[in-house]
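Enquirer: Provided herewith: protein.csv, CSV, C-alpha atoms.
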```csv
chain,number,residue,atom,x,y,z
A,1284,MET,CA,86.6,127.4,89.7
A,1285,PRO,CA,89.4,128.2,92.1
A,1286,PHE,CA,90.5,126.1,95.1
A,1287,ASP,CA,91.4,127.9,98.3
A,1288,ALA,CA,93.5,125.7,100.5
A,1289,ALA,CA,93.3,128.4,103.3
A,1290,VAL,CA,89.5,127.6,103.5
A,1291,VAL,CA,90.3,124.0,104.1
A,1292,ALA,CA,92.8,124.9,106.7
A,1293,ARG,CA,90.1,127.0,108.5
A,1294,HIS,CA,87.7,124.0,108.5
A,1295,ALA,CA,90.5,121.7,109.9
A,1296,GLY,CA,91.4,124.3,112.5
A,1297,ALA,CA,87.8,124.4,113.8
A,1298,ILE,CA,87.6,120.6,114.4
A,1299,GLU,CA,89.1,120.5,117.9
A,1300,ALA,CA,86.7,123.0,119.4
A,1301,ALA,CA,83.3,122.0,117.9
A,1302,PRO,CA,80.8,120.1,120.1
A,1303,TRP,CA,80.6,117.0,117.8
A,1304,PHE,CA,77.5,114.8,118.7
A,1305,ALA,CA,76.8,116.9,121.8
A,1306,ALA,CA,73.1,117.6,120.8
A,1307,THR,CA,72.3,114.1,119.6
A,1308,GLY,CA,68.9,112.9,121.0
A,1309,LEU,CA,67.8,116.4,122.0
A,1310,PRO,CA,64.7,118.2,120.6
A,1311,PHE,CA,65.4,120.7,117.8
A,1312,SER,CA,65.4,124.4,118.4
A,1313,ASP,CA,63.4,126.6,115.9
A,1314,ASP,CA,66.7,127.8,114.4
A,1315,GLU,CA,68.0,124.3,114.0
A,1316,ARG,CA,64.8,123.1,112.4
A,1317,GLY,CA,64.8,126.0,110.0
A,1318,ALA,CA,68.4,125.2,109.0
A,1319,LEU,CA,67.7,121.5,108.5
A,1320,GLU,CA,64.6,122.3,106.4
A,1321,GLU,CA,66.9,123.8,103.8
A,1322,LEU,CA,68.4,120.3,103.3
A,1323,ALA,CA,65.2,118.3,102.8
A,1324,PRO,CA,61.4,118.9,102.6
A,1325,ARG,CA,60.8,116.8,105.7
A,1326,ILE,CA,62.9,116.4,108.9
A,1327,ALA,CA,62.5,113.5,111.2
A,1328,ARG,CA,64.2,113.5,114.6
A,1329,VAL,CA,65.9,110.3,115.6
A,1330,ALA,CA,65.7,110.0,119.4
A,1331,GLY,CA,68.4,107.4,120.2
A,1332,TRP,CA,71.5,105.7,119.0
A,1333,GLU,CA,70.0,102.3,118.3
A,1334,GLN,CA,67.4,103.9,116.0
A,1335,ALA,CA,70.3,105.9,114.4
A,1336,ARG,CA,72.1,102.6,113.7
A,1337,ALA,CA,69.0,101.2,112.0
A,1338,VAL,CA,68.5,104.4,109.8
A,1339,ALA,CA,72.1,104.5,108.8
A,1340,ASP,CA,71.9,100.8,107.8
A,1341,ASP,CA,68.8,101.2,105.7
A,1342,VAL,CA,69.4,100.4,102.0
A,1343,ARG,CA,66.9,103.1,101.1
A,1344,ALA,CA,69.4,105.7,102.2
A,1345,ASN,CA,71.8,104.6,99.4
A,1346,ALA,CA,70.3,106.7,96.7
A,1347,ALA,CA,70.9,110.0,98.5
A,1348,TYR,CA,74.3,108.8,99.7
A,1349,ASP,CA,75.4,107.8,96.2
A,1350,ALA,CA,74.2,111.2,94.8
A,1351,ASP,CA,76.4,113.0,97.4
A,1352,ALA,CA,79.3,110.7,96.6
A,1353,ARG,CA,79.0,111.7,92.9
A,1354,GLU,CA,78.8,115.4,93.9
A,1355,ALA,CA,81.9,115.1,96.1
A,1356,ALA,CA,83.8,113.4,93.2
A,1357,ALA,CA,82.8,116.2,90.9
A,1358,LEU,CA,83.9,118.9,93.4
A,1359,LYS,CA,87.2,117.1,93.9
A,1360,ALA,CA,87.8,117.0,90.1
A,1361,GLN,CA,87.1,120.7,89.9
A,1362,ALA,CA,89.5,121.4,92.8
A,1363,GLY,CA,92.1,119.2,91.2
A,1364,ALA,CA,91.8,120.9,87.8
A,1365,ALA,CA,92.2,124.3,89.5
A,1366,ALA,CA,95.1,123.6,91.9
A,1367,GLY,CA,96.5,120.2,91.0
A,1368,THR,CA,95.6,116.9,92.7
A,1369,ASP,CA,98.6,116.8,95.0
A,1370,THR,CA,97.8,120.3,96.4
A,1371,VAL,CA,94.1,119.3,97.0
A,1372,LEU,CA,94.9,116.0,98.6
A,1373,ARG,CA,97.6,117.6,100.8
A,1374,ALA,CA,95.1,120.3,101.9
A,1375,LEU,CA,92.3,117.8,102.6
A,1376,SER,CA,94.6,115.4,104.5
A,1377,THR,CA,94.7,118.1,107.2
A,1378,ILE,CA,91.0,117.3,107.9
A,1379,VAL,CA,91.9,113.6,108.4
A,1380,ASP,CA,94.8,114.5,110.6
A,1381,ALA,CA,92.8,116.9,112.8
A,1382,GLY,CA,89.7,114.7,112.9
A,1383,LEU,CA,91.3,111.4,113.7
A,1384,PRO,CA,91.4,111.6,117.5
A,1385,VAL,CA,88.5,114.2,117.9
A,1386,PHE,CA,85.5,112.6,116.1
A,1387,PHE,CA,85.9,109.2,117.8
A,1388,ARG,CA,86.5,110.7,121.2
A,1389,CYS,CA,83.3,112.9,120.9
A,1390,ALA,CA,81.2,110.0,119.6
A,1391,GLU,CA,82.3,107.8,122.4
A,1392,ALA,CA,81.5,110.6,124.9
A,1393,ALA,CA,78.0,111.1,123.4
A,1394,LEU,CA,77.3,107.4,123.5
A,1395,ALA,CA,78.5,107.3,127.1
A,1396,ARG,CA,76.1,110.1,128.0
A,1397,ALA,CA,73.3,107.9,126.6
A,1398,GLY,CA,74.5,105.1,128.8
A,1399,LEU,CA,76.0,103.1,125.9
A,1400,GLN,CA,79.5,101.8,125.0
A,1401,ASP,CA,79.8,100.7,121.4
A,1402,GLU,CA,83.2,100.8,119.7
A,1403,GLU,CA,81.7,100.1,116.3
A,1404,LEU,CA,78.9,102.7,116.4
A,1405,SER,CA,81.4,105.3,117.7
A,1406,ARG,CA,83.5,104.6,114.7
A,1407,VAL,CA,80.6,104.8,112.3
A,1408,ALA,CA,79.7,108.2,113.8
A,1409,ALA,CA,83.3,109.3,113.6
A,1410,GLY,CA,83.6,108.2,110.0
A,1411,ALA,CA,80.4,110.1,109.2
A,1412,ALA,CA,81.6,113.3,110.8
A,1413,ALA,CA,85.0,113.0,109.0
A,1414,GLU,CA,83.3,112.5,105.7
A,1415,ALA,CA,81.0,115.5,106.3
A,1416,VAL,CA,83.8,117.9,107.2
A,1417,TYR,CA,85.9,116.7,104.4
A,1418,ARG,CA,83.1,117.3,101.9
A,1419,GLY,CA,82.1,120.6,103.5
A,1420,ALA,CA,85.7,121.9,103.4
A,1421,LEU,CA,86.0,120.8,99.8
A,1422,ALA,CA,82.8,122.5,98.7
A,1423,ALA,CA,83.7,125.7,100.6
A,1424,ALA,CA,87.2,125.7,99.1
A,1425,VAL,CA,85.9,125.7,95.6
A,1426,ALA,CA,84.0,128.9,96.4
A,1427,LYS,CA,80.6,127.4,97.2
A,1428,PRO,CA,79.9,128.5,100.8
A,1429,THR,CA,76.2,127.9,100.4
A,1430,HIS,CA,76.7,124.4,99.1
A,1431,ARG,CA,74.6,121.7,100.9
A,1432,PHE,CA,77.8,120.0,102.0
A,1433,VAL,CA,78.7,123.1,104.0
A,1434,ARG,CA,75.2,123.1,105.6
A,1435,ILE,CA,75.5,119.5,106.5
A,1436,GLU,CA,78.9,120.1,108.0
A,1437,THR,CA,77.5,123.0,110.0
A,1438,SER,CA,74.8,120.6,111.4
A,1439,TYR,CA,77.4,118.1,112.5
A,1440,ALA,CA,79.5,120.9,114.0
A,1441,SER,CA,76.5,122.1,116.0
A,1442,GLY,CA,76.3,118.6,117.7
A,1443,ARG,CA,73.9,116.8,115.4
A,1444,TRP,CA,74.2,113.7,113.3
A,1445,PRO,CA,72.3,114.1,110.0
A,1446,LEU,CA,72.1,110.4,109.4
A,1447,ALA,CA,70.4,109.7,106.1
A,1448,ARG,CA,68.0,111.1,103.6
A,1449,ILE,CA,65.3,108.5,102.6
A,1450,ASP,CA,63.0,109.8,99.9
A,1451,ASP,CA,62.1,113.4,100.9
A,1452,THR,CA,62.9,112.9,104.6
A,1453,LEU,CA,66.2,113.7,106.3
A,1454,TYR,CA,66.7,111.7,109.6
A,1455,VAL,CA,68.7,113.5,112.2
A,1456,LEU,CA,69.9,112.3,115.6
B,372,MET,CA,122.0,82.1,116.4
B,373,GLU,CA,123.9,84.8,118.3
B,374,THR,CA,121.6,87.2,120.1
B,375,VAL,CA,122.7,90.5,121.6
B,376,SER,CA,121.3,91.9,124.8
B,377,ILE,CA,120.3,95.5,124.2
B,378,GLU,CA,117.5,97.9,124.8
B,379,VAL,CA,117.3,101.3,123.1
B,380,LYS,CA,114.9,103.5,125.2
B,381,THR,CA,114.7,106.6,123.0
B,382,VAL,CA,115.3,107.7,119.5
B,383,ALA,CA,118.2,109.8,120.8
B,384,GLU,CA,119.8,106.7,122.2
B,385,LEU,CA,119.6,105.1,118.8
B,386,ALA,CA,122.5,107.2,117.7
B,387,ASN,CA,124.8,105.2,120.1
B,388,ALA,CA,123.5,101.8,118.9
B,389,PRO,CA,125.5,99.7,116.5
B,390,ALA,CA,125.0,100.6,112.8
B,391,GLU,CA,123.6,97.1,112.1
B,392,TYR,CA,120.9,97.7,114.8
B,393,ARG,CA,120.1,101.2,113.4
B,394,GLU,CA,119.7,99.9,109.9
B,395,ALA,CA,117.6,97.0,111.0
B,396,ALA,CA,115.3,99.2,113.0
B,397,ALA,CA,115.0,101.7,110.1
B,398,LYS,CA,114.0,98.8,107.7
B,399,ILE,CA,111.2,97.8,110.0
B,400,VAL,CA,109.8,101.3,110.5
B,401,ARG,CA,110.1,102.1,106.8
B,402,SER,CA,108.2,98.9,105.9
B,403,HIS,CA,105.4,99.6,108.3
B,404,ALA,CA,105.1,103.2,107.1
B,405,ILE,CA,104.9,102.1,103.5
B,406,ASN,CA,102.5,99.2,103.9
B,407,GLU,CA,100.0,100.9,106.3
B,408,LEU,CA,99.5,103.7,103.8
B,409,TYR,CA,99.5,101.5,100.7
B,410,GLY,CA,96.9,99.2,102.3
B,411,ALA,CA,94.6,102.2,103.1
B,412,GLN,CA,95.0,103.4,99.5
B,413,VAL,CA,94.4,100.2,97.6
B,414,PHE,CA,91.9,98.5,100.0
B,415,ASP,CA,90.2,100.6,102.6
B,416,GLU,CA,89.5,103.8,100.7
B,417,PRO,CA,88.1,102.1,97.6
B,418,ALA,CA,86.0,99.8,99.8
B,419,VAL,CA,83.8,102.7,100.9
B,420,ALA,CA,82.2,102.6,97.4
B,421,PHE,CA,81.5,98.8,97.8
B,422,ALA,CA,79.9,99.0,101.3
B,423,PRO,CA,76.2,98.1,101.3
B,424,THR,CA,74.8,101.0,103.3
B,425,PRO,CA,75.9,104.3,104.8
B,426,TYR,CA,76.5,102.5,108.1
B,427,TRP,CA,79.1,100.3,106.6
B,428,LYS,CA,80.5,103.1,104.4
B,429,TRP,CA,81.2,105.3,107.4
B,430,LEU,CA,82.7,102.4,109.3
B,431,THR,CA,84.9,101.7,106.4
B,432,CYS,CA,85.8,105.3,106.1
B,433,ARG,CA,86.8,105.4,109.7
B,434,VAL,CA,88.9,102.2,109.3
B,435,ALA,CA,90.7,103.8,106.3
B,436,MET,CA,91.4,106.9,108.5
B,437,GLU,CA,92.8,104.6,111.3
B,438,GLU,CA,95.1,102.8,108.8
B,439,TYR,CA,96.3,106.2,107.5
B,440,GLY,CA,96.9,107.1,111.2
B,441,HIS,CA,99.1,104.0,111.6
B,442,HIS,CA,101.1,105.1,108.7
B,443,GLN,CA,101.5,108.6,110.2
B,444,ARG,CA,102.7,107.1,113.5
B,445,PHE,CA,105.5,105.0,111.8
B,446,PHE,CA,106.2,107.9,109.4
B,447,ARG,CA,106.7,110.4,112.3
B,448,LEU,CA,108.9,107.9,114.2
B,449,GLY,CA,110.9,107.3,111.0
B,450,GLN,CA,111.4,111.1,110.6
B,451,LYS,CA,112.7,111.3,114.2
B,452,MET,CA,115.1,108.5,113.3
B,453,GLY,CA,116.4,110.4,110.3
B,454,ILE,CA,114.8,108.3,107.7
B,455,ALA,CA,114.3,110.2,104.5
B,456,PRO,CA,110.5,111.0,104.2
B,457,GLU,CA,110.2,110.0,100.6
B,458,THR,CA,111.5,106.5,101.4
B,459,MET,CA,108.4,105.9,103.6
B,460,ILE,CA,105.8,106.9,100.9
B,461,PRO,CA,104.6,104.3,98.4
B,462,GLY,CA,105.1,105.6,94.9
B,463,LYS,CA,108.0,107.8,96.0
B,464,THR,CA,110.3,105.0,97.0
B,465,ASP,CA,111.7,102.0,95.1
B,466,LYS,CA,110.8,99.7,97.9
B,467,ARG,CA,107.8,97.7,96.8
B,468,PRO,CA,104.8,97.2,99.1
B,469,LEU,CA,104.0,93.7,100.3
B,470,SER,CA,102.8,91.3,97.6
B,471,ILE,CA,99.3,91.0,99.3
B,472,PHE,CA,98.6,94.4,98.0
B,473,GLU,CA,98.7,93.1,94.4
B,474,PHE,CA,95.4,91.4,95.0
B,475,THR,CA,92.8,93.2,93.0
B,476,MET,CA,89.8,93.9,95.2
B,477,ARG,CA,86.5,93.9,93.3
B,478,SER,CA,83.7,93.6,95.9
B,479,TRP,CA,82.5,94.1,99.4
B,480,PRO,CA,82.9,90.4,100.4
B,481,GLU,CA,86.5,90.6,99.2
B,482,PHE,CA,87.1,93.6,101.4
B,483,CYS,CA,85.6,91.9,104.4
B,484,VAL,CA,87.8,88.9,103.8
B,485,ILE,CA,90.9,91.2,103.5
B,486,LYS,CA,90.0,92.6,106.9
B,487,LEU,CA,89.5,89.1,108.3
B,488,LEU,CA,92.7,87.5,107.0
B,489,ALA,CA,95.1,90.3,106.1
B,490,ASP,CA,94.5,92.3,109.3
B,491,MET,CA,95.1,89.1,111.3
B,492,ALA,CA,98.5,88.8,109.6
B,493,GLU,CA,99.2,92.4,110.6
B,494,ILE,CA,98.2,91.7,114.2
B,495,ILE,CA,100.8,88.8,114.4
B,496,GLN,CA,103.5,91.2,113.0
B,497,VAL,CA,102.6,93.9,115.5
B,498,GLU,CA,102.4,91.5,118.4
B,499,ASP,CA,106.0,90.5,117.7
B,500,LEU,CA,107.0,94.2,117.8
B,501,MET,CA,105.4,94.6,121.2
B,502,GLU,CA,108.5,92.9,122.7
B,503,CYS,CA,110.9,94.9,120.5
B,504,THR,CA,114.2,96.1,122.0
B,505,PHE,CA,113.7,99.5,120.4
B,506,ARG,CA,111.2,101.0,122.8
B,507,PRO,CA,109.8,103.8,120.6
B,508,LEU,CA,108.9,101.1,118.0
B,509,ARG,CA,107.4,98.9,120.8
B,510,ASP,CA,105.4,101.9,122.0
B,511,GLU,CA,104.0,102.6,118.5
B,512,ALA,CA,103.1,99.0,118.1
B,513,ALA,CA,101.2,99.0,121.4
B,514,LYS,CA,99.2,102.1,120.3
B,515,THR,CA,98.4,100.5,117.0
B,516,MET,CA,97.3,97.2,118.4
B,517,PRO,CA,93.7,98.0,119.7
B,518,GLU,CA,92.8,99.5,116.3
B,519,GLU,CA,94.3,96.5,114.4
B,520,LYS,CA,92.3,94.2,116.6
B,521,PHE,CA,89.1,96.2,115.9
B,522,HIS,CA,89.8,96.0,112.1
B,523,ALA,CA,90.2,92.2,112.2
B,524,GLY,CA,87.0,92.0,114.4
B,525,PHE,CA,85.3,94.1,111.8
B,526,GLY,CA,86.3,91.5,109.2
B,527,LEU,CA,84.9,88.7,111.3
B,528,ARG,CA,81.6,90.5,112.0
B,529,SER,CA,81.1,91.6,108.4
B,530,CYS,CA,81.9,88.1,107.1
B,531,THR,CA,79.5,86.6,109.7
B,532,GLU,CA,76.8,89.0,108.5
B,533,LEU,CA,77.4,88.0,104.9
B,534,CYS,CA,77.3,84.3,105.7
B,535,ARG,CA,73.7,84.6,106.9
B,536,THR,CA,72.6,83.9,103.3
B,537,ASP,CA,73.7,81.1,100.9
B,538,ALA,CA,74.8,83.7,98.3
B,539,GLY,CA,76.8,85.6,100.9
B,540,ARG,CA,78.5,82.4,102.1
B,541,ARG,CA,79.4,81.6,98.5
B,542,ASP,CA,80.8,85.1,98.0
B,543,VAL,CA,82.9,84.9,101.2
B,544,GLN,CA,84.2,81.4,100.4
B,545,ALA,CA,85.1,82.6,96.9
B,546,ALA,CA,86.9,85.6,98.3
B,547,ILE,CA,88.8,83.4,100.8
B,548,ASP,CA,89.8,81.1,97.9
B,549,ALA,CA,91.1,84.0,95.9
B,550,LEU,CA,93.0,85.8,98.7
B,551,PHE,CA,94.2,83.2,101.1
B,552,PRO,CA,96.7,81.3,99.0
B,553,GLY,CA,98.9,84.4,98.8
B,554,MET,CA,98.6,85.3,102.4
B,555,PRO,CA,101.5,83.2,103.9
B,556,ALA,CA,103.9,85.1,101.7
B,557,PHE,CA,103.1,88.1,104.0
B,558,PHE,CA,105.5,86.7,106.5
B,559,GLY,CA,108.5,86.6,104.2
B,560,GLN,CA,110.8,83.8,103.1
B,561,PRO,CA,111.9,81.0,105.4
B,562,HIS,CA,115.5,81.3,106.7
B,563,SER,CA,115.4,85.0,105.9
B,564,LYS,CA,118.6,86.9,106.5
B,565,ASN,CA,116.7,90.1,107.5
B,566,ASN,CA,114.6,88.2,110.0
B,567,ALA,CA,117.8,86.6,111.5
B,568,LEU,CA,119.2,90.1,111.9
B,569,TYR,CA,116.0,91.4,113.5
B,570,ARG,CA,116.1,88.5,116.0
B,571,LYS,CA,119.8,88.9,116.7
B,572,TRP,CA,119.1,92.4,118.0
B,573,GLY,CA,115.8,91.5,119.6
B,574,LEU,CA,113.8,93.8,117.2
B,575,LYS,CA,111.7,90.8,116.4
B,576,GLN,CA,111.2,87.7,118.5
B,577,HIS,CA,110.0,85.0,116.1
B,578,THR,CA,111.1,83.5,112.8
B,579,ASN,CA,109.1,84.0,109.7
B,580,GLU,CA,108.3,80.3,109.7
B,581,ALA,CA,106.9,80.5,113.3
B,582,MET,CA,104.7,83.5,112.6
B,583,ARG,CA,103.5,81.9,109.4
B,584,ALA,CA,102.5,78.7,111.4
B,585,ASP,CA,100.8,80.8,114.0
B,586,TYR,CA,98.9,82.7,111.3
B,587,LEU,CA,97.8,79.4,109.5
B,588,GLU,CA,96.3,78.2,112.8
B,589,ARG,CA,94.6,81.4,113.6
B,590,ALA,CA,93.2,81.7,110.1
B,591,ARG,CA,91.9,78.1,110.3
B,592,VAL,CA,90.1,78.9,113.5
B,593,LEU,CA,88.5,82.0,112.0
B,594,VAL,CA,87.5,80.4,108.7
B,595,GLU,CA,86.6,76.9,109.7
B,596,ASP,CA,85.6,77.1,113.3
B,597,LYS,CA,83.9,80.5,113.4
B,598,LEU,CA,82.5,80.9,109.8
B,599,GLY,CA,82.1,77.2,109.0
B,600,LEU,CA,83.9,77.7,105.7
B,601,LYS,CA,86.9,75.9,104.2
B,602,LEU,CA,90.4,77.2,104.3
B,603,PRO,CA,92.3,76.5,101.0
B,604,VAL,CA,95.8,75.1,100.9
B,605,PRO,CA,98.3,77.9,101.1
B,606,ALA,CA,100.6,78.5,98.1
```
Take the structure in the file and give it back as structure tokens.

Expert:
Amino acid sequence: MPFDAAVVARHAGAIEAAPWFAATGLPFSDDERGALEELAPRIARVAGWEQARAVADDVRANAAYDADAREAAALKAQAGAAAGTDTVLRALSTIVDAGLPVFFRCAEAALARAGLQDEELSRVAAGAAAEAVYRGALAAAVAKPTHRFVRIETSYASGRWPLARIDDTLYVL
Amino acid sequence: METVSIEVKTVAELANAPAEYREAAAKIVRSHAINELYGAQVFDEPAVAFAPTPYWKWLTCRVAMEEYGHHQRFFRLGQKMGIAPETMIPGKTDKRPLSIFEFTMRSWPEFCVIKLLADMAEIIQVEDLMECTFRPLRDEAAKTMPEEKFHAGFGLRSCTELCRTDAGRRDVQAAIDALFPGMPAFFGQPHSKNNALYRKWGLKQHTNEAMRADYLERARVLVEDKLGLKLPVPA
């Protein structure tokens, strides 16, 4: 399985312009719902940030999170075997560099639009977005453009926060 | 001790500063670049796996990114100052990271206590730099401070959450007992020659002993007054 650092660079380059968290709390369009239904059998819309906090802090979300973490580790190992660990880490660090100011700023702005100011929740959202883009770029770079990590990243980049999958339901702010 | 009145406003001005000043400033910048990155690598990144829910995992992920960002700030300043990049990267330089990083973290409560107590130590060091005579370093310290304060606050909040149960209180106390005795060494040796040099040039304001004493009192307030736990005797 190859590792294409240029793909990661494209994902990093797209971070600045995407409307992170801009659609949080809004109803889904038909297209959005269709895309989300490819990620889980049932989709539940989370209407507000406080509910989002509760869903993200639900221990029942750990099973799906841990499965994704194992998948991310497997992809990273594949990428490392193909291109060398240093090359992979150097490429992926561009996601961290590009996302560091952007994700937090956008999360703060989205919370402010909802009439909230919450440094911790802004950081949680920023951390989630960074993780999603990191994993999406990694999956795309090992030649899997249809991987669910890429779809999840796309949902974030369209302004949503796919919070957690609990059993067969994906909760999305 | 002799002190010298000096202020270096830009990296370009640093070229005209005495060699002793330049070397002392470089030592501080190099140390911060190394230790910010090493801390993220050995504590913050691995802690994501220990965190109890996605909420805390993402928060920890963000904290790790911010610590990495602090490394980047000091690294970029170091590059502008002409410091060789490889001497600011742990693993590529002979300079050892601080001894606190030898602590083997095994659990979420241990990570929360690291944020509570180690990040408080970092805050005291960064506060000292905020009066530094080398203005670019002072500016980087000022930019770093709000995030450092959040990280220490994260430690207090997460430890407070854990202490809501008896088992959690025992875990936090055990982590404090394991981590804290080594913490005062973070501030370096008493009567340190390096520290004397830093104070001579106004790069630092306080002795290692004074910062250590300040730390012990702040740690006591956190552990005993706020968490209702016991602070062990420092080593």

Enquirer: If you count all atoms listed in the file, which residues fall within 12 Å of Tyr1348 (chain A), apart from same-chain ones fewer than 5 positions away, as a list in words?

Expert: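 Surrounding residues, per the criterion: Ala1339, Asp1340, Asp1341, Val1342, Arg1343, Arg1353, Glu1354, Ala1355, Ala1411, Glu1414, Ala1415, Phe1432, Pro1445, Leu1446, Ala1447, Arg1448, Ile1449, Asp1450 and Leu1453 of chain A; Val419, Ala420, Ala422, Pro423, Thr424, Pro425, Tyr426, Trp427, Lys428 and Trp429 of chain B.
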
Enquirer: Can you list, as a PyMOL selection string, every protein, DNA or RNA residue that comes within 12 Å of Thr458 (chain B) when you count all atoms listed in the file, leaving out same-chain residues fewer than 3 positions away?

Expert: chain B and resi 397-398+400-406+446+449-450+453-455+461-468

Enquirer: Give me the residues near Ala1292 (chain A) as a PDB file with C-alpha atoms, in the frame of the given file, where near means some atom within 10 Å (using all atoms listed in the file) and where sequence neighbours in that chain fewer than 2 positions away do not count.

Expert:
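And here is the file that came out, out03.pdb:
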```pdb
ATOM      1  CA  ASP A1287      91.400 127.900  98.300  1.00  0.00           C
ATOM      2  CA  ALA A1288      93.500 125.700 100.500  1.00  0.00           C
ATOM      3  CA  ALA A1289      93.300 128.400 103.300  1.00  0.00           C
ATOM      4  CA  VAL A1290      89.500 127.600 103.500  1.00  0.00           C
ATOM      5  CA  HIS A1294      87.700 124.000 108.500  1.00  0.00           C
ATOM      6  CA  ALA A1295      90.500 121.700 109.900  1.00  0.00           C
ATOM      7  CA  GLY A1296      91.400 124.300 112.500  1.00  0.00           C
ATOM      8  CA  ALA A1297      87.800 124.400 113.800  1.00  0.00           C
ATOM      9  CA  ALA A1374      95.100 120.300 101.900  1.00  0.00           C
ATOM     10  CA  LEU A1375      92.300 117.800 102.600  1.00  0.00           C
ATOM     11  CA  SER A1376      94.600 115.400 104.500  1.00  0.00           C
ATOM     12  CA  THR A1377      94.700 118.100 107.200  1.00  0.00           C
ATOM     13  CA  ILE A1378      91.000 117.300 107.900  1.00  0.00           C
ATOM     14  CA  ALA A1420      85.700 121.900 103.400  1.00  0.00           C
ATOM     15  CA  ALA A1424      87.200 125.700  99.100  1.00  0.00           C
TER      16      ALA A1424
END
```

Enquirer: Could you give me, as a VMD selection string, the residues within 10 Å of Val375 (chain B), counting only C-alpha atoms and dropping anything in the same chain fewer than 6 positions from it?

Expert: chain B and resid 570 to 573

Enquirer: When you get a sec, could you note down which chain B residues fall within 12 Å of chain A, using all atoms listed in the file, as number ranges by chain?

Expert: B: 416, 419-444, 517-518, 520-522, 524-525, 528-529

Enquirer: Find the residues around region 585-593 of chain B up to 12 Å (all atoms listed in the file counted), leave out those fewer than 4 positions away in its own chain, and share them as a ChimeraX atom specification.

Expert: /B:484-496,498-499,523-524,526-528,530-531,547,551-558,577-581,597-606

Enquirer: List as a list of chain:residue names: which residues have an atom within 12 Å of (118.0, 103.6, 121.6), counting all atoms listed in the file?

Expert: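 Residues found, by chain and rising number: B:Ile377, B:Glu378, B:Val379, B:Lys380, B:Thr381, B:Val382, B:Ala383, B:Glu384, B:Leu385, B:Ala386, B:Asn387, B:Ala388, B:Pro389, B:Ala390, B:Tyr392, B:Arg393, B:Ala396, B:Lys451, B:Met452, B:Cys503, B:Thr504, B:Phe505, B:Arg506, B:Pro507, B:Leu508, B:Arg509, B:Trp572, B:Leu574.
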